[in-house]
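Structure, as structure tokens:
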Amino acid sequence: MKIFTQRKFINTMLLIALFVLAATGIIAYRQIQRLIEANAWVVHTYQVIKKTDQILLSLTDVESKILYYSISNNKLTIQDIPNILEVVNKDFISIQLLTRDNPNQQRNLVKLQFLIKDKSELIHQAINNSSGSDTKTSIALMTSQKNINLNQQISQLIDTIVDAELILLENRTVYSRLNSEKSNVAIIITGILSELLFLLSIILLNYYLNKKDKIELKQIETERELIKTNYKLQENEERYNLAIKGSKTGLWDWIVGTDQVFYSSDFKNLLGYEENDFPHLFSSFENILHPDDHDRVLSLVAAHLKDDVPYIIEYRLKRKSGEYHWYQAIGQAMRNEDGLAVRMSGTLLDINERKLVEKMKNEFISVVSHELRTPLTSIHGAIALLASGEITALSSDASQLLDIAKTNCERLIRLVNDMLDIEKIESGNTKLSLVKCELNKIIEEAADANQAYGSQFSVKIKVINSRSPICVNIDHDKLLQVLANLISNAVKFSPAHDEVKIMIEEQNNNMVRVSITDKGNGIPVEFQKSIFNKFSQADSSSSRKQAGTGLGLNISKSIIEKMNGSLNFITEINKGTTFYFDLPVGEKIKKNEIQQHLGKSKALILYVEDDTDLAKIISTVLRNDGNLVSVTTLKDARKELKAHSYDLVILDILLPDGSGVELLSSIGKRNIPVIIFTAYEIPNEYLHYTNQVLIKSKTSNQELLNAVREAIA
């Protein structure tokens with residue numbers, strides 16, 4: 001700067017070498033312009049490189065966020081994805097503008113534009129499919145061959161664009177250097193003639209150095225940005241690995257058609273193996289698969305690879321300790337353009353504790369089934385007999401106490417029955433016996449059976465029948481169970497001195513609809529979505545008149561659906577609710593299918609039951625209709641059947657010396673009617689030996705009496 005302050009010296013030198021300075025000025029000016037152009041080329045090139053790198057970084061960041069969201073289900077992770085994609089589009093437009101004078105780069109950008117579009121569509125598809133517990137589709141999309149190919153193509157194309165810019169920069173730098181050398185020669189020659197030319201050269205040199213410093217500063221800033229980007233990528237990768245480890249989920253990736261399988265460290269840890277103890281082979285998995293599960297697992301794998309059958313399966317694997325544990329595997333095949341599976345990836349989850357809980361639950365259900373149903377039936381039967389006054393006259397106080405005991409016993413029986421029903425439905429053991437029935441008569445039967453219950457709430461039950469009989473293929477007892485639940489619910493939620501309407505209407509699609517309507521307060525909006533869930537009840541004290549298990553509607557919906565129908569409702573706040581179910585219409589019942597039964601009195605009945613208390617109660621119930629002989633074992637039953645000719649056998653299943661079904665074949669050969677009266681469901685193959693199967697806790701004294709009278713008729 002001091003040189004520039006010595007103005008007199010500079011002016012003298014300028015006057016002496018005016019001509020030289022003029023020529024030198026022109027040369028210097030041209031050199032400065034070239035340096036500016038070279039600097040502009042450098043900045044231009046680094047802008048293109050930075051923008052392309054930013055596009056790749058943004059797409060990688062989006063993919064990491066989706067994978068993390070698929071694991072954590074944290075919606076905050078993907079909230080800024082649309083903004084990131086918008087930034088990608090802006091960066092792409094900037095690159096187009098920066099390279100608009102370069103045809104080769106423009107052609108590369110057209111290819112990149114299509115790849116970014118495909119990548120964006122895949123990202124949106126992954127976001128839309130990543131909801132609730134359904135994360136496998138998003139993970140599959142992000143790990144799919146299509147996504148891998150897109151990433152490779154985008155990365156390669158960006159490298160091509162960057163390389164082209166660097167080559168262009170190098171060529172321009174060489175060109176600039178050659179021209180600069182020529183200019184420097186001219187400046188040196190003229191500088192010999194004038195000190196001022198020397199000073200001007202220094203100025204030009206300083207100017208050049210300043211520009212160089214700025215370029216180097218830009219390079220440093222670019223390097224810092226790259227370091228930050230690499231750190232973010234590493235941080236995202238660590239976050240993803242932490243999420244996988246925290247969920248205690250093992251990952252596996254199989255190259256279909258080979259023995260090569262990648263098992264993650266968490267996969268091996270779930271099996272108790274160290275990193276190098278478990279080879280990355282498909283045979284390693286087969287060797288620890290339980291023999292009873294081997295064929296089932298491989299069959300499902302083959303079905304998934306062939307027809308894309310969902311691969312969600314539970315099986316047992318041998319841990320390093322030698323114990324077998326239960327695991328759940330979820331997998332998805334990745335296919336090539338021809339639709340052939342080339343890879344299959346998935347997760348492994350330890351569910352051994354859940355399986356132990358399920359075993360305990362099943363054991364508990366077994367205890368409830370036998371240890372509660374039989375004594376509850378005895379208690380209820382005894383209380384019902386006493387409350388009826390047939391055994392002995394009761395005082396008013398005693399009668400009230402017995403009514404209270406009877407009511408609460410019935411509530412307990414309903415709870416036990418609902419729990420057992422829901423367990424059977426969930427385990428898939430509910431089997432219906434569909435027979436042709438006249439729906440009108442079943443509705444009348446259900447209405448008559450619930451009139452007494454309606455009277456407790458001062459509510460009448462009115463049936464609006466169709467003009468002609470309608471036949472359906474249904475399970476008679478199960479449909480009565482559904483009707484009893486829907487009618488009792490309608491009664492409970494109806495205003496006093498009102499009525500519940502039951503309507504039968506034929507639909508245009510060969511279906512018949514049964515509607516049960518009340519004029520209650522309606523179903524609260526917040527409860528409507530969960531009304532068919534287990535243990536669901538409206539909590540409003542104004543809308544609940546009587547406690548329940550919250551299982552009735554769930555059971556009813558399952559039963560109707562198993563009879564090829566559907567159950568739903570219509571409700572309006574403060575105006576009432578209509579529950580309705582649709583069933584397929586069957587053929588009409590022919591006259592020769594209607595049987596008339598004639599009864600006879602005092603039949604000889606053999607009752608096979610190891611609970612002597614229940615036997616005494618049943619003997620009292622049937623005292624006017626038959627002579628009851630009770631035995632407690634299969635051995636005694638065989639003796640009685642051999643010694644006497646019985647009109648009816650009432651048979652329990654679980655006996656001290658075996659199963660009651662062992663008697664069915666011999667009883668059938670003698671053409672003796674059989675009523676199964678038990679706490680258990682019997683296998684379907686034995687049903688043809690029986691007249692009826694009655695469940696103890698679900699059968700009242702009167703229902704048993706009616707069944708006996710029908711059987712001996």
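Residues are referred to by chain and number: the chain letter is A, B, ... according to the order shown in the structure tokens, the number counts from 1 in that chain, and ligands are numbered separately from 1 in the order shown.
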- Task: Extract, using only C-alpha atoms, all DNA, RNA and protein residues at most 8 Å from Val463 (chain A), discarding same-chain residues fewer than 3 positions from it, and format them as number ranges by chain.
- Result: A: 443-444, 447, 501-503
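With only C-alpha atoms as the atoms that count, the minimum distance from Glu710 (chain A) to the choices A:Gln106, A:Gln692, A:Thr229, A:Asn627 is reached by A:Gln692.
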inquiry  = So that I can check the surroundings of Asn701 (chain A), please list as a PyMOL selection string every protein, DNA and RNA residue that reaches within 9 Å of it, counting only C-alpha atoms and ignoring chain neighbours fewer than 3 positions away.
reply    = chain A and resi 380-381+384-385+618+621+704-706
Restricting to only C-alpha atoms, whichever of A:Asn74, A:Ser645, A:Ser619, A:Ser58 is closest to Pro673 (chain A) is A:Ser645
Would you list the contacts of Gln528 (chain A) as a PyMOL selection string, taking every protein, DNA or RNA residue within 12 Å and counting only C-alpha atoms, but skipping same-chain residues closer than 2 positions in sequence? chain A and resi 522-526+530-533+536-538+568-573+577
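Every protein or nucleic acid residue with an atom no more than 9 Å from Asn691 (chain A), counting only C-alpha atoms and leaving out same-chain residues fewer than 6 positions away, appears here: A:Pro673, A:Val674, A:Ile675, A:Ile676, A:Ala707, A:Ala711.
Residues in contact with Asn564 (chain A) at up to 10 Å, not including ones fewer than 4 positions away on its chain and judged by only C-alpha atoms, are A:Asn473, A:Ile474, A:Ile559, A:Ile560, A:Asp582, A:Leu583, A:Pro584.
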Pairwise distance, CA of Asn73 (chain A) with CA of Lys248 (chain A), equals 15.6 Å
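Using only C-alpha atoms for every distance, the candidate list A:Asn128, A:Asn510, A:Thr612, A:Thr258 yields A:Thr612 as the residue closest to Pro375 (chain A).
Comparing the minimum interatomic distances between Val87 (chain A) and each of A:Asn509, A:Thr374, A:Gln54, A:Thr633, counting only C-alpha atoms, we find that A:Gln54 sits nearest.
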Selection near Leu483 (chain A), 12 Å with only C-alpha atoms, sequence-local residues under 2 positions removed, as an MDAnalysis selection string = chainID A and resid 439 442:450 476:481 485:491 502 514:516 552:553 555:557 559:560 567 579:581
request  = Taking the DSSP assignment computed from this structure's backbone, write out as a ChimeraX atom specification all residues of region 653-703 of chain A that belong to strand (DSSP E or B).
outcome  = /A:654-655,658-659,674-678,692-695
Those residues you just picked out, can you put them in a file as a short mmCIF file (atom, residue, chain, number, x, y, z; two decimals), in the first residue's frame with N, CA, C and O atoms?
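Dumped everything to out_9.cif:
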```cif
data_model
loop_
_atom_site.label_atom_id
_atom_site.label_comp_id
_atom_site.auth_asym_id
_atom_site.auth_seq_id
_atom_site.Cartn_x
_atom_site.Cartn_y
_atom_site.Cartn_z
N LEU A 654 -65.51 -85.93 30.46
CA LEU A 654 -64.34 -86.18 31.30
C LEU A 654 -64.74 -87.00 32.51
O LEU A 654 -65.45 -86.53 33.40
N LEU A 655 -64.29 -88.28 32.55
CA LEU A 655 -64.62 -89.21 33.63
C LEU A 655 -63.34 -89.73 34.26
O LEU A 655 -62.27 -89.68 33.65
N GLY A 658 -61.56 -92.45 31.98
CA GLY A 658 -61.48 -92.28 30.54
C GLY A 658 -62.42 -91.22 30.03
O GLY A 658 -62.99 -90.43 30.80
N SER A 659 -62.60 -91.20 28.70
CA SER A 659 -63.46 -90.22 28.06
C SER A 659 -64.81 -90.84 27.73
O SER A 659 -64.90 -91.99 27.30
N VAL A 674 -78.71 -90.17 22.81
CA VAL A 674 -77.63 -89.70 23.68
C VAL A 674 -77.65 -88.17 23.73
O VAL A 674 -77.71 -87.52 22.69
N ILE A 675 -77.58 -87.64 24.94
CA ILE A 675 -77.39 -86.19 25.14
C ILE A 675 -76.04 -86.02 25.82
O ILE A 675 -75.80 -86.57 26.89
N ILE A 676 -75.14 -85.30 25.16
CA ILE A 676 -73.86 -84.97 25.78
C ILE A 676 -74.09 -83.73 26.66
O ILE A 676 -74.51 -82.69 26.17
N PHE A 677 -73.79 -83.86 27.95
CA PHE A 677 -73.95 -82.75 28.90
C PHE A 677 -72.60 -82.58 29.60
O PHE A 677 -72.26 -83.32 30.52
N THR A 678 -71.80 -81.62 29.11
CA THR A 678 -70.40 -81.55 29.51
C THR A 678 -69.92 -80.11 29.58
O THR A 678 -70.62 -79.19 29.15
N GLN A 692 -78.14 -84.23 21.01
CA GLN A 692 -77.79 -82.84 21.30
C GLN A 692 -76.50 -82.82 22.11
O GLN A 692 -76.18 -83.78 22.83
N VAL A 693 -75.78 -81.71 21.98
CA VAL A 693 -74.61 -81.45 22.83
C VAL A 693 -74.91 -80.19 23.63
O VAL A 693 -75.10 -79.12 23.05
N LEU A 694 -74.97 -80.31 24.95
CA LEU A 694 -75.29 -79.19 25.83
C LEU A 694 -74.08 -78.86 26.69
O LEU A 694 -73.44 -79.76 27.24
N ILE A 695 -73.76 -77.58 26.74
CA ILE A 695 -72.65 -77.12 27.59
C ILE A 695 -73.21 -76.77 28.97
O ILE A 695 -74.20 -76.04 29.09
#
```
Can you list, as a ChimeraX atom specification, every residue of region 338-418 of chain A that DSSP puts in alpha helix (DSSP H)?
/A:352-367,373-388,396-418
